[in-house]
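Here is the file final_7.cif (mmCIF, C-alpha atoms and all ligand atoms).
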```cif
data_structure
#
loop_
_atom_site.label_atom_id
_atom_site.label_comp_id
_atom_site.auth_asym_id
_atom_site.auth_seq_id
_atom_site.Cartn_x
_atom_site.Cartn_y
_atom_site.Cartn_z
CA MET I 1 5.73 7.13 -35.80
CA ASN I 2 9.19 6.65 -34.47
CA TYR I 3 8.54 3.37 -32.75
CA GLY I 4 9.75 3.31 -29.15
CA VAL I 5 8.97 6.94 -28.54
CA VAL I 6 5.51 8.37 -28.99
CA SER I 7 5.02 12.11 -28.78
CA GLN I 8 2.74 13.68 -26.27
CA GLU I 9 0.52 14.94 -29.02
CA GLN I 10 0.20 11.51 -30.65
CA LEU I 11 -0.66 9.91 -27.33
CA GLU I 12 -3.32 12.46 -26.59
CA LYS I 13 -4.93 11.89 -29.97
CA ILE I 14 -4.79 8.13 -29.51
CA ASP I 15 -6.39 8.47 -26.09
CA GLU I 16 -9.14 10.60 -27.60
CA ILE I 17 -9.84 7.97 -30.23
CA LEU I 18 -9.92 5.19 -27.62
CA THR I 19 -12.28 7.14 -25.40
CA GLU I 20 -14.56 8.14 -28.24
CA LYS I 21 -14.71 4.80 -30.01
CA LEU I 22 -14.43 2.28 -27.20
CA ILE I 23 -14.84 3.63 -23.68
CA LYS I 24 -17.96 5.56 -24.68
CA ILE I 25 -19.68 2.45 -26.04
CA GLY I 26 -19.12 0.71 -22.71
CA VAL I 27 -15.71 -0.97 -22.92
CA ASP I 28 -14.30 -1.23 -19.38
CA CYS I 29 -10.65 -0.94 -20.20
CA VAL I 30 -8.55 -0.67 -23.33
CA ILE I 31 -4.79 -1.04 -23.54
CA ILE I 32 -2.33 -0.65 -26.38
CA ILE I 33 0.82 -2.67 -25.88
CA ASP I 34 3.79 -3.61 -27.99
CA MET I 35 4.81 -7.19 -28.68
CA ALA I 36 7.52 -6.97 -26.01
CA GLY I 37 4.89 -6.35 -23.35
CA ASN I 38 5.38 -2.60 -22.90
CA ILE I 39 2.33 -0.43 -22.37
CA ILE I 40 1.86 2.34 -24.90
CA THR I 41 -1.31 3.66 -23.33
CA ALA I 42 -4.18 2.47 -21.16
CA LYS I 43 -7.66 3.92 -20.74
CA ASP I 44 -10.42 2.77 -18.45
CA ASN I 45 -13.95 3.81 -17.62
CA GLY I 46 -12.94 5.07 -14.20
CA THR I 47 -14.53 2.23 -12.28
CA THR I 48 -12.47 -0.73 -13.45
CA LYS I 49 -8.88 -1.00 -12.29
CA TYR I 50 -6.54 -3.73 -13.46
CA ASP I 51 -2.86 -4.30 -12.85
CA VAL I 52 -2.06 -3.21 -16.38
CA TYR I 53 1.69 -3.95 -16.28
CA SER I 54 1.25 -7.62 -15.41
CA PHE I 55 -1.64 -7.74 -17.81
CA ALA I 56 0.52 -6.40 -20.65
CA ALA I 57 3.27 -8.95 -20.01
CA LEU I 58 0.79 -11.81 -20.05
CA ALA I 59 -1.14 -10.49 -23.03
CA ALA I 60 2.02 -10.12 -25.13
CA GLY I 61 2.99 -13.68 -24.19
CA ASN I 62 -0.47 -14.97 -24.98
CA PHE I 63 -0.56 -13.27 -28.35
CA ALA I 64 2.95 -14.38 -29.26
CA THR I 65 2.12 -17.97 -28.34
CA VAL I 66 -1.00 -18.09 -30.46
CA ASP I 67 0.88 -16.43 -33.31
CA ALA I 68 3.63 -19.04 -33.11
CA MET I 69 1.01 -21.81 -33.12
CA ALA I 70 -0.61 -20.29 -36.21
CA LYS I 71 2.72 -20.45 -38.04
CA LEU I 72 3.17 -24.08 -37.00
CA VAL I 73 -0.07 -25.07 -38.70
CA GLY I 74 0.72 -22.98 -41.76
CA GLU I 75 -1.53 -20.00 -41.05
CA GLN I 76 -0.35 -16.41 -41.44
CA GLU I 77 -2.13 -15.59 -38.23
CA PHE I 78 -5.32 -16.29 -36.32
CA SER I 79 -7.08 -13.03 -36.85
CA LEU I 80 -9.48 -13.28 -33.95
CA LEU I 81 -8.27 -13.73 -30.41
CA PHE I 82 -11.04 -13.59 -27.92
CA HIS I 83 -11.48 -14.87 -24.38
CA LYS I 84 -14.99 -15.17 -23.04
CA GLY I 85 -15.89 -15.08 -19.38
CA THR I 86 -19.09 -14.65 -17.40
CA ASP I 87 -18.58 -11.00 -16.51
CA CYS I 88 -15.52 -10.01 -18.47
CA ASN I 89 -14.38 -10.69 -22.00
CA ILE I 90 -11.05 -9.90 -23.55
CA HIS I 91 -10.56 -9.11 -27.20
CA PHE I 92 -7.14 -8.80 -28.90
CA SER I 93 -6.54 -7.08 -32.19
CA LYS I 94 -3.33 -6.43 -34.04
CA ILE I 95 -2.75 -2.79 -35.02
CA ASP I 96 0.42 -3.60 -36.94
CA ASP I 97 3.40 -5.93 -36.57
CA GLU I 98 4.49 -4.21 -33.37
CA LEU I 99 1.30 -3.15 -31.62
CA LEU I 100 -1.75 -4.79 -30.10
CA LEU I 101 -5.05 -3.32 -29.00
CA ILE I 102 -6.73 -5.11 -26.12
CA SER I 103 -10.29 -4.43 -25.03
CA MET I 104 -11.92 -5.69 -21.86
CA PHE I 105 -15.67 -5.53 -21.80
CA GLY I 106 -18.70 -6.92 -20.00
CA ARG I 107 -22.03 -8.42 -20.97
CA GLU I 108 -23.60 -5.21 -22.23
CA ILE I 109 -21.69 -5.21 -25.52
CA SER I 110 -21.93 -7.83 -28.24
CA LEU I 111 -18.75 -9.14 -29.78
CA GLY I 112 -19.88 -8.01 -33.22
CA PHE I 113 -20.44 -4.43 -32.14
CA LEU I 114 -17.15 -4.36 -30.34
CA ARG I 115 -15.27 -5.69 -33.36
CA LEU I 116 -16.79 -3.08 -35.59
CA ASN I 117 -15.63 -0.33 -33.26
CA VAL I 118 -12.20 -1.88 -32.84
CA VAL I 119 -11.72 -1.93 -36.60
CA GLU I 120 -12.64 1.75 -36.84
CA THR I 121 -10.39 2.61 -33.92
CA ILE I 122 -7.44 0.93 -35.56
CA GLU I 123 -8.09 2.66 -38.87
CA GLN I 124 -8.12 6.03 -37.14
CA ILE I 125 -4.94 5.31 -35.21
CA LYS I 126 -3.18 4.20 -38.39
CA LYS I 127 -4.26 7.36 -40.19
CA LEU I 128 -2.87 9.40 -37.35
CA TRP I 129 0.56 7.81 -37.76
CA ALA I 130 0.46 8.01 -41.50
CA ARG I 131 0.01 11.77 -41.22
CA ASP I 132 2.87 12.38 -38.77
CA MET T 1 13.23 -2.26 -27.13
CA SER T 2 12.47 0.08 -24.28
CA PHE T 3 9.36 2.13 -24.50
CA ILE T 4 9.32 5.79 -23.60
CA ASN T 5 6.14 7.65 -22.79
CA LEU T 6 6.93 11.34 -23.18
CA ARG T 7 3.63 12.50 -21.77
CA GLU T 8 3.75 10.68 -18.49
CA LYS T 9 7.55 10.60 -18.51
CA ILE T 10 7.78 6.87 -17.99
CA VAL T 11 10.51 4.66 -19.41
CA GLN T 12 9.80 0.92 -19.54
CA VAL T 13 12.85 -1.29 -19.70
CA LYS T 14 12.81 -5.06 -20.26
CA ILE T 15 15.46 -7.14 -18.52
CA VAL T 16 15.54 -10.90 -19.00
CA TYR T 17 17.20 -13.49 -16.75
CA TYR T 18 18.45 -16.22 -19.07
CA GLY T 19 20.33 -19.45 -18.41
CA PRO T 20 20.22 -23.23 -18.15
CA GLY T 21 17.36 -25.06 -16.41
CA ARG T 22 17.44 -25.05 -12.60
CA GLY T 23 20.23 -22.47 -12.64
CA GLY T 24 18.40 -20.14 -10.26
CA LYS T 25 16.72 -17.50 -12.45
CA THR T 26 13.36 -17.72 -10.72
CA THR T 27 15.12 -17.75 -7.34
CA ASN T 28 16.80 -14.44 -8.25
CA LEU T 29 13.42 -12.83 -8.90
CA GLU T 30 11.90 -14.32 -5.78
CA TYR T 31 14.69 -12.84 -3.70
CA ILE T 32 14.27 -9.43 -5.35
CA ASN T 33 10.52 -9.63 -4.78
CA ARG T 34 11.02 -10.26 -1.05
CA LYS T 35 13.90 -7.89 -0.51
CA PHE T 36 12.65 -4.85 -2.43
CA SER T 37 8.94 -5.11 -1.70
CA LYS T 38 8.66 -1.32 -1.38
CA GLN T 39 9.63 -0.88 -5.01
CA ILE T 40 7.27 -3.55 -6.26
CA GLN T 41 3.67 -2.55 -6.72
CA SER T 42 2.17 -5.72 -8.07
CA GLU T 43 2.35 -9.45 -7.59
CA MET T 44 5.07 -11.49 -9.22
CA VAL T 45 3.55 -13.46 -12.08
CA SER T 46 4.91 -17.00 -12.50
CA LEU T 47 3.78 -19.29 -15.28
CA LYS T 48 5.13 -22.61 -14.08
CA THR T 49 4.58 -26.35 -14.04
CA HIS T 50 3.42 -28.28 -10.99
CA GLY T 51 7.02 -29.07 -10.28
CA ASP T 52 7.85 -25.35 -9.99
CA ARG T 53 9.78 -25.24 -13.23
CA THR T 54 9.24 -22.13 -15.29
CA LEU T 55 6.90 -22.97 -18.16
CA PHE T 56 6.72 -19.62 -19.94
CA PHE T 57 8.15 -16.81 -17.82
CA ASP T 58 8.22 -15.07 -14.48
CA PHE T 59 7.41 -11.37 -14.49
CA LEU T 60 8.23 -8.81 -11.84
CA PRO T 61 7.79 -5.06 -12.39
CA PHE T 62 10.28 -3.03 -10.38
CA ASP T 63 10.08 0.73 -9.79
CA MET T 64 13.44 2.47 -9.86
CA GLY T 65 12.15 5.95 -9.09
CA GLN T 66 13.14 9.01 -11.09
CA ILE T 67 16.17 9.34 -13.31
CA LYS T 68 16.62 12.69 -15.03
CA GLY T 69 12.94 13.48 -14.62
CA TYR T 70 11.81 10.15 -16.02
CA GLU T 71 10.18 7.43 -14.00
CA LEU T 72 12.01 4.18 -14.64
CA LYS T 73 9.93 1.01 -14.69
CA ILE T 74 12.10 -2.07 -14.90
CA GLN T 75 10.27 -5.16 -16.14
CA LEU T 76 12.11 -8.26 -14.97
CA TYR T 77 11.47 -11.53 -16.79
CA THR T 78 12.92 -15.03 -16.61
CA VAL T 79 12.91 -17.56 -19.42
CA PRO T 80 12.22 -21.26 -18.96
CA GLY T 81 15.64 -22.91 -18.90
CA GLN T 82 14.71 -26.46 -19.88
CA VAL T 83 16.17 -27.43 -23.24
CA LYS T 84 12.79 -28.27 -24.78
CA TYR T 85 11.39 -24.78 -24.23
CA ASN T 86 13.50 -22.84 -26.72
CA ALA T 87 10.48 -21.62 -28.68
CA THR T 88 9.12 -19.91 -25.58
CA ARG T 89 12.57 -18.61 -24.61
CA LYS T 90 12.70 -16.83 -27.93
CA LEU T 91 9.28 -15.24 -27.36
CA VAL T 92 10.35 -13.86 -23.99
CA LEU T 93 13.48 -12.33 -25.54
CA LYS T 94 11.39 -10.20 -27.88
CA GLY T 95 12.25 -6.55 -27.30
CA VAL T 96 14.81 -7.27 -24.58
CA ASP T 97 16.94 -4.34 -23.41
CA GLY T 98 19.34 -6.09 -21.03
CA ILE T 99 20.20 -9.66 -20.03
CA VAL T 100 21.44 -11.38 -16.90
CA PHE T 101 22.89 -14.76 -17.77
CA VAL T 102 22.52 -16.98 -14.71
CA ALA T 103 25.07 -19.79 -14.93
CA ASP T 104 25.03 -22.72 -12.53
CA ALA T 105 28.50 -22.84 -11.01
CA GLN T 106 28.35 -26.55 -10.15
CA GLU T 107 31.09 -28.50 -11.91
CA GLN T 108 28.59 -30.90 -13.48
CA MET T 109 26.79 -28.00 -15.13
CA ARG T 110 29.79 -26.75 -17.09
CA GLU T 111 28.65 -27.97 -20.50
CA LYS T 112 25.05 -26.85 -19.97
CA ASN T 113 26.11 -23.30 -19.22
CA ILE T 114 28.13 -23.11 -22.41
CA ARG T 115 25.34 -24.58 -24.50
CA SER T 116 22.78 -22.22 -23.04
CA LEU T 117 24.96 -19.18 -23.68
CA ASN T 118 25.53 -20.27 -27.27
CA GLN T 119 21.81 -20.62 -27.75
CA LEU T 120 21.26 -17.14 -26.32
CA HIS T 121 23.66 -15.87 -28.96
CA GLU T 122 21.64 -17.59 -31.70
CA ASN T 123 18.29 -16.52 -30.31
CA LEU T 124 19.39 -12.89 -30.24
CA LEU T 125 20.54 -13.11 -33.85
CA GLY T 126 16.95 -14.10 -34.66
CA TYR T 127 15.96 -10.60 -33.52
CA LYS T 128 18.93 -8.98 -35.26
CA GLU T 129 20.47 -8.32 -31.86
CA SER T 130 23.98 -9.24 -30.89
CA ILE T 131 25.19 -10.77 -27.66
CA PHE T 132 28.26 -8.56 -28.07
CA ARG T 133 26.25 -5.37 -28.14
CA ILE T 134 23.35 -5.92 -25.80
CA PRO T 135 23.89 -5.00 -22.12
CA LEU T 136 24.80 -8.27 -20.42
CA VAL T 137 25.89 -9.34 -16.94
CA LEU T 138 26.99 -12.85 -16.03
CA GLN T 139 26.09 -14.41 -12.70
CA TYR T 140 27.85 -17.54 -11.44
CA ASN T 141 25.19 -18.85 -9.12
CA LYS T 142 25.03 -21.38 -6.29
CA VAL T 143 28.50 -20.70 -4.90
CA ASP T 144 27.01 -21.37 -1.44
CA LEU T 145 27.16 -25.08 -2.32
CA ARG T 146 30.93 -24.91 -1.83
CA ASN T 147 30.31 -25.02 1.91
CA GLN T 148 28.51 -28.32 1.50
CA GLY T 149 31.45 -29.89 -0.27
CA ILE T 150 29.75 -29.89 -3.66
CA PRO T 151 32.28 -29.33 -6.47
CA ILE T 152 31.96 -25.75 -7.70
CA LEU T 153 33.82 -24.40 -10.72
CA PRO T 154 36.47 -21.85 -9.78
CA THR T 155 35.40 -18.43 -11.01
CA SER T 156 38.49 -18.23 -13.22
CA VAL T 157 37.42 -21.40 -15.04
CA ILE T 158 33.77 -20.51 -15.53
CA ASN T 159 34.78 -17.01 -16.54
CA LYS T 160 37.13 -18.43 -19.15
CA ASP T 161 34.35 -20.69 -20.45
CA LEU T 162 31.73 -18.00 -20.76
CA ASN T 163 33.34 -14.59 -20.66
CA SER T 164 36.65 -14.79 -22.54
CA LYS T 165 35.16 -13.20 -25.64
CA LEU T 166 32.29 -11.24 -24.12
CA LYS T 167 34.29 -9.51 -21.38
CA VAL T 168 31.21 -8.31 -19.53
CA PRO T 169 30.72 -7.71 -15.79
CA TYR T 170 30.27 -10.88 -13.73
CA PHE T 171 29.38 -11.85 -10.18
CA GLU T 172 29.66 -14.95 -8.06
CA ALA T 173 26.29 -15.26 -6.39
CA SER T 174 23.87 -17.28 -4.37
CA ALA T 175 20.29 -16.58 -5.35
CA LEU T 176 19.20 -18.67 -2.38
CA THR T 177 20.91 -16.48 0.23
CA GLY T 178 20.77 -13.30 -1.86
CA TYR T 179 24.55 -12.96 -2.06
CA ASN T 180 25.28 -10.57 -4.97
CA VAL T 181 21.69 -10.75 -6.23
CA PRO T 182 21.10 -6.98 -5.71
CA GLU T 183 24.57 -6.24 -7.12
CA THR T 184 23.78 -8.21 -10.27
CA LEU T 185 20.49 -6.34 -10.64
CA LYS T 186 22.04 -2.92 -10.07
CA LYS T 187 24.75 -3.62 -12.62
CA ILE T 188 22.38 -4.72 -15.36
CA ILE T 189 20.05 -1.78 -14.71
CA SER T 190 22.88 0.73 -14.93
CA SER T 191 24.37 -0.85 -18.09
CA THR T 192 20.94 -0.93 -19.71
CA VAL T 193 20.07 2.66 -18.81
CA VAL T 194 23.41 3.86 -20.18
CA SER T 195 22.79 1.97 -23.42
CA ILE T 196 19.28 3.40 -23.79
CA GLN T 197 20.56 6.91 -23.19
CA LYS T 198 23.16 6.40 -25.89
CA LYS T 199 20.55 5.20 -28.37
CA LEU T 200 18.36 8.21 -27.69
CA LEU T 201 21.08 10.81 -28.14
N1 LIG D 1 22.12 -24.00 -3.10
C1 LIG D 1 21.54 -23.18 -3.96
N2 LIG D 1 20.42 -23.57 -4.61
C2 LIG D 1 19.85 -22.70 -5.46
C3 LIG D 1 20.39 -21.41 -5.71
N3 LIG D 1 19.63 -20.78 -6.61
C4 LIG D 1 18.62 -21.64 -6.91
N4 LIG D 1 18.76 -22.79 -6.22
C5 LIG D 1 17.86 -23.96 -6.25
O1 LIG D 1 17.91 -24.52 -7.55
C6 LIG D 1 16.62 -24.99 -7.95
C7 LIG D 1 16.19 -24.35 -9.24
O2 LIG D 1 16.05 -22.94 -9.05
P1 LIG D 1 15.12 -22.06 -9.98
O3 LIG D 1 15.27 -20.66 -9.52
O4 LIG D 1 13.76 -22.62 -10.03
O5 LIG D 1 15.84 -22.29 -11.37
P2 LIG D 1 15.42 -21.72 -12.79
O6 LIG D 1 16.68 -21.23 -13.43
O7 LIG D 1 14.31 -20.74 -12.66
O8 LIG D 1 14.93 -23.05 -13.51
P3 LIG D 1 13.93 -23.17 -14.80
O9 LIG D 1 12.71 -22.40 -14.46
O10 LIG D 1 13.67 -24.60 -15.01
O11 LIG D 1 14.69 -22.58 -15.94
C8 LIG D 1 15.67 -24.67 -6.79
O12 LIG D 1 15.56 -25.82 -6.00
C9 LIG D 1 16.41 -23.59 -6.03
O13 LIG D 1 16.11 -23.56 -4.67
C10 LIG D 1 21.59 -21.05 -5.00
O14 LIG D 1 22.14 -19.95 -5.14
N5 LIG D 1 22.12 -21.98 -4.14
MG MG D 2 12.49 -20.62 -13.46
#
```
Go ahead and render the structure in this file as structure tokens.
Ligand SMILES: Nc1nc2c(ncn2[C@@H]2O[C@H](COP(=O)(O)OP(=O)(O)OP(=O)(O)O)[C@@H](O)[C@H]2O)c(=O)[nH]1
Ligand SMILES: [Mg+2]
Amino acid sequence: MNYGVVSQEQLEKIDEILTEKLIKIGVDCVIIIDMAGNIITAKDNGTTKYDVYSFAALAAGNFATVDAMAKLVGEQEFSLLFHKGTDCNIHFSKIDDELLLISMFGREISLGFLRLNVVETIEQIKKLWARD
Amino acid sequence: MSFINLREKIVQVKIVYYGPGRGGKTTNLEYINRKFSKQIQSEMVSLKTHGDRTLFFDFLPFDMGQIKGYELKIQLYTVPGQVKYNATRKLVLKGVDGIVFVADAQEQMREKNIRSLNQLHENLLGYKESIFRIPLVLQYNKVDLRNQGIPILPTSVINKDLNSKLKVPYFEASALTGYNVPETLKKIISSTVVSIQKKLL
């Protein structure tokens, strides 16, 4: 993948993967952003609407902050970044050094099940780029 | 680094307002937010302390409409200017496409402007970017204070301090009254768009 520009075809395939692996299991909204806070793509279940641009800016900042803290205490990274609420939870996962996958989900899904699906999603996305 | 979505034809551009503490970066964005409300779809996000100092950043997404068939989404950010926040300043600079350096034109701020600009130079090097290559506009802010008898650096002096090597566009401004705030914004957007077009060709 030529970072910075994603082809239409790549985006469509990524969206398919996100829908299949995450939206279908009940994730409300999933966003891929880069570390600068740009949105690569966003998918939702049709009923949940967030201000994804502000969300991306804050999420990139949040992730970068935690990453910087990890380095300060001598960790490579904190692999799990998860915020738990009453009705909404947010899960962050690194795709690679430049990209982040963020899932927002409710009470119906367990964290374990979500993580499993996130891992598979990321594997599929990486394969897609490896091929192109 | 700007991000281009070829399917939806959206270009996202990151512009950062940088400069010494209390120089008026947040005030610039607040003015833009009020003045151009039609082009702003969401709320301005401000991560600040109780004393209204920027703690992490301000964020304001700004819709520029279509350029050559692409929808241009300008993401405006400010950094926290206080000396102690350099780690967060660096984080906000990640992936920056264009910078407005907001200097405080008060005489007593002369040294602080220079130090802040030097640190911007270093922080960009950390991302393998160069202050000499990145689109940059200088803003000499708070010139309205002249009318209150507060000593303000003559533009020739501040320009010599900050711009003798850079030789980039500059504006006297007052973020409080809005004087030259839109002009500064337009200039940085056009420089940044030109630079992105060059990179893509
Ligand atoms: N007179 C005058 N005051 C200004 C102007 N611009 C900003 N100020 C004032 O200067 C103070 C600091 O402005 P901010 O916009 O918060 O400064 P900042 O650069 O965001 O400061 P940090 O967030 O700490 O980096 C506020 O009290 C503003 O009202 C200006 O053009 N003229
Ligand atoms: Mg501020």
Output as JSON lines one row per residue of chain T within 8 Å of chain I: the closest atom pair and its distance in Å to one decimal place, counting all atoms listed in the file, sorted by chain and residue number ascending.
```
{"residue": "T:Met1", "atom": "CA", "partner": "I:Gly4", "partner_atom": "CA", "distance": 6.9}
{"residue": "T:Ser2", "atom": "CA", "partner": "I:Gly4", "partner_atom": "CA", "distance": 6.4}
{"residue": "T:Phe3", "atom": "CA", "partner": "I:Gly4", "partner_atom": "CA", "distance": 4.8}
{"residue": "T:Ile4", "atom": "CA", "partner": "I:Val5", "partner_atom": "CA", "distance": 5.1}
{"residue": "T:Asn5", "atom": "CA", "partner": "I:Val6", "partner_atom": "CA", "distance": 6.3}
{"residue": "T:Leu6", "atom": "CA", "partner": "I:Gln8", "partner_atom": "CA", "distance": 5.7}
{"residue": "T:Arg7", "atom": "CA", "partner": "I:Gln8", "partner_atom": "CA", "distance": 4.7}
{"residue": "T:Gln12", "atom": "CA", "partner": "I:Asn38", "partner_atom": "CA", "distance": 6.6}
{"residue": "T:Ser42", "atom": "CA", "partner": "I:Asp51", "partner_atom": "CA", "distance": 7.1}
{"residue": "T:Val45", "atom": "CA", "partner": "I:Ser54", "partner_atom": "CA", "distance": 7.1}
{"residue": "T:Phe59", "atom": "CA", "partner": "I:Ser54", "partner_atom": "CA", "distance": 7.3}
{"residue": "T:Leu60", "atom": "CA", "partner": "I:Ser54", "partner_atom": "CA", "distance": 7.9}
{"residue": "T:Pro61", "atom": "CA", "partner": "I:Tyr53", "partner_atom": "CA", "distance": 7.3}
{"residue": "T:Thr88", "atom": "CA", "partner": "I:Thr65", "partner_atom": "CA", "distance": 7.8}
{"residue": "T:Leu91", "atom": "CA", "partner": "I:Ala64", "partner_atom": "CA", "distance": 6.7}
{"residue": "T:Val92", "atom": "CA", "partner": "I:Gly61", "partner_atom": "CA", "distance": 7.4}
{"residue": "T:Lys94", "atom": "CA", "partner": "I:Ala36", "partner_atom": "CA", "distance": 5.4}
{"residue": "T:Gly95", "atom": "CA", "partner": "I:Ala36", "partner_atom": "CA", "distance": 4.9}
{"residue": "T:Val96", "atom": "CA", "partner": "I:Ala36", "partner_atom": "CA", "distance": 7.4}
```
Same residues, C-alpha atoms, output as a PDB file, in the frame of the given file:
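Output file part-v2.pdb follows:
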```
ATOM      1  CA  MET T   1      13.230  -2.260 -27.130  1.00  0.00           C
ATOM      2  CA  SER T   2      12.470   0.080 -24.280  1.00  0.00           C
ATOM      3  CA  PHE T   3       9.360   2.130 -24.500  1.00  0.00           C
ATOM      4  CA  ILE T   4       9.320   5.790 -23.600  1.00  0.00           C
ATOM      5  CA  ASN T   5       6.140   7.650 -22.790  1.00  0.00           C
ATOM      6  CA  LEU T   6       6.930  11.340 -23.180  1.00  0.00           C
ATOM      7  CA  ARG T   7       3.630  12.500 -21.770  1.00  0.00           C
ATOM      8  CA  GLN T  12       9.800   0.920 -19.540  1.00  0.00           C
ATOM      9  CA  SER T  42       2.170  -5.720  -8.070  1.00  0.00           C
ATOM     10  CA  VAL T  45       3.550 -13.460 -12.080  1.00  0.00           C
ATOM     11  CA  PHE T  59       7.410 -11.370 -14.490  1.00  0.00           C
ATOM     12  CA  LEU T  60       8.230  -8.810 -11.840  1.00  0.00           C
ATOM     13  CA  PRO T  61       7.790  -5.060 -12.390  1.00  0.00           C
ATOM     14  CA  THR T  88       9.120 -19.910 -25.580  1.00  0.00           C
ATOM     15  CA  LEU T  91       9.280 -15.240 -27.360  1.00  0.00           C
ATOM     16  CA  VAL T  92      10.350 -13.860 -23.990  1.00  0.00           C
ATOM     17  CA  LYS T  94      11.390 -10.200 -27.880  1.00  0.00           C
ATOM     18  CA  GLY T  95      12.250  -6.550 -27.300  1.00  0.00           C
ATOM     19  CA  VAL T  96      14.810  -7.270 -24.580  1.00  0.00           C
TER      20      VAL T  96
END
```
What gap, in Å, lies between CA of Thr192 in chain T and CA of Gln75 in chain T?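 Interatomic distance, CA of Thr192 in chain T to CA of Gln75 in chain T: 12.0 Å.
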Within 7 Å of range 183-189 of chain T using only C-alpha atoms, minus same-chain residues under 4 positions, as a list in words: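 Counting only the stated atoms, we get Gly98, Val100, Pro135, Leu136, Val137, Phe171 and Val193 of chain T.
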Please give me, as a short mmCIF file (atom, residue, chain, number, x, y, z; two decimals) with C-alpha atoms, in the coordinates of the input, the residues lying within 7 Å of ligand MG 2 (chain D) when counting all atoms listed in the file.
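Generated output (part-v2.cif):
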```cif
data_model
loop_
_atom_site.label_atom_id
_atom_site.label_comp_id
_atom_site.auth_asym_id
_atom_site.auth_seq_id
_atom_site.Cartn_x
_atom_site.Cartn_y
_atom_site.Cartn_z
CA ARG T 22 17.44 -25.05 -12.60
CA GLY T 24 18.40 -20.14 -10.26
CA LYS T 25 16.72 -17.50 -12.45
CA THR T 26 13.36 -17.72 -10.72
CA ARG T 53 9.78 -25.24 -13.23
CA THR T 54 9.24 -22.13 -15.29
CA THR T 78 12.92 -15.03 -16.61
CA VAL T 79 12.91 -17.56 -19.42
CA PRO T 80 12.22 -21.26 -18.96
CA GLY T 81 15.64 -22.91 -18.90
#
```
Would you compute, for all listed atoms of range 110-115 of chain T, the axis-aligned bounding box grown by 3 Å on each side, and then report its centre and edge lengths in Å rounded to one decimal, as lines of an AutoDock Vina configuration file?
```
center_x = 27.4
center_y = -25.5
center_z = -20.8
size_x = 10.7
size_y = 10.9
size_z = 13.4
```
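Nearest residue to ligand LIG 1 (chain D), choosing from T:Phe56, T:Tyr170, T:Phe36, T:Tyr127 and counting all atoms listed in the file: T:Phe56.
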Hey, what's within 12 Å of Lys84 in chain I if we count all atoms listed in the file and toss same-chain stuff fewer than 5 positions away? As a ChimeraX atom specification, please? /I:89-92,103-107,110-111
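Taking only C-alpha atoms into account, Gln106 in chain T lies nearest to T:Glu172 out of the set T:Glu43, T:Asp63, T:Glu71, T:Glu172.
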From the options I:Asp97, I:Glu120, I:Asp15, I:Asp44, which residue's atoms come nearest to Glu77 in chain I, counting only C-alpha atoms? I:Asp97
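Across T:Glu129, T:Glu30, T:Glu8, T:Glu111, the tightest approach to ligand LIG 1 (chain D) is made by T:Glu30 when counting all atoms listed in the file.
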Non-local contacts of Asp67 in chain I (8 Å; all atoms listed in the file; under 4 positions in same chain excluded) as a ChimeraX atom specification: /I:63,71,77-78
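Residue nearest ligand LIG 1 (chain D) within the list T:Ser190, T:Ser174, T:Gln148, T:Asn180: T:Ser174 [criterion: smallest interatomic distance, all atoms listed in the file].
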Would you mind reading off the distance between CA of Asp144 in chain T and CA of Asn163 in chain T, one decimal, in Å?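 Rounded to one decimal, the two atoms are 21.3 Å apart.
Between CA of Ile152 in chain T and CA of Val168 in chain T there is a distance of 21.1 Å.
For the set T:Ile158, T:Leu166, T:Leu176, T:Val102, the residue with the smallest atom-to-atom gap to ligand LIG 1 (chain D) is T:Leu176, counting all atoms listed in the file.
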Long-range neighbours of range 113-119 of chain I as a PyMOL selection string, 12 Å cut-off, all atoms listed in the file, 2 positions minimum in chain: chain I and resi 17-28+30-32+79-82+89-95+100-111+121-126
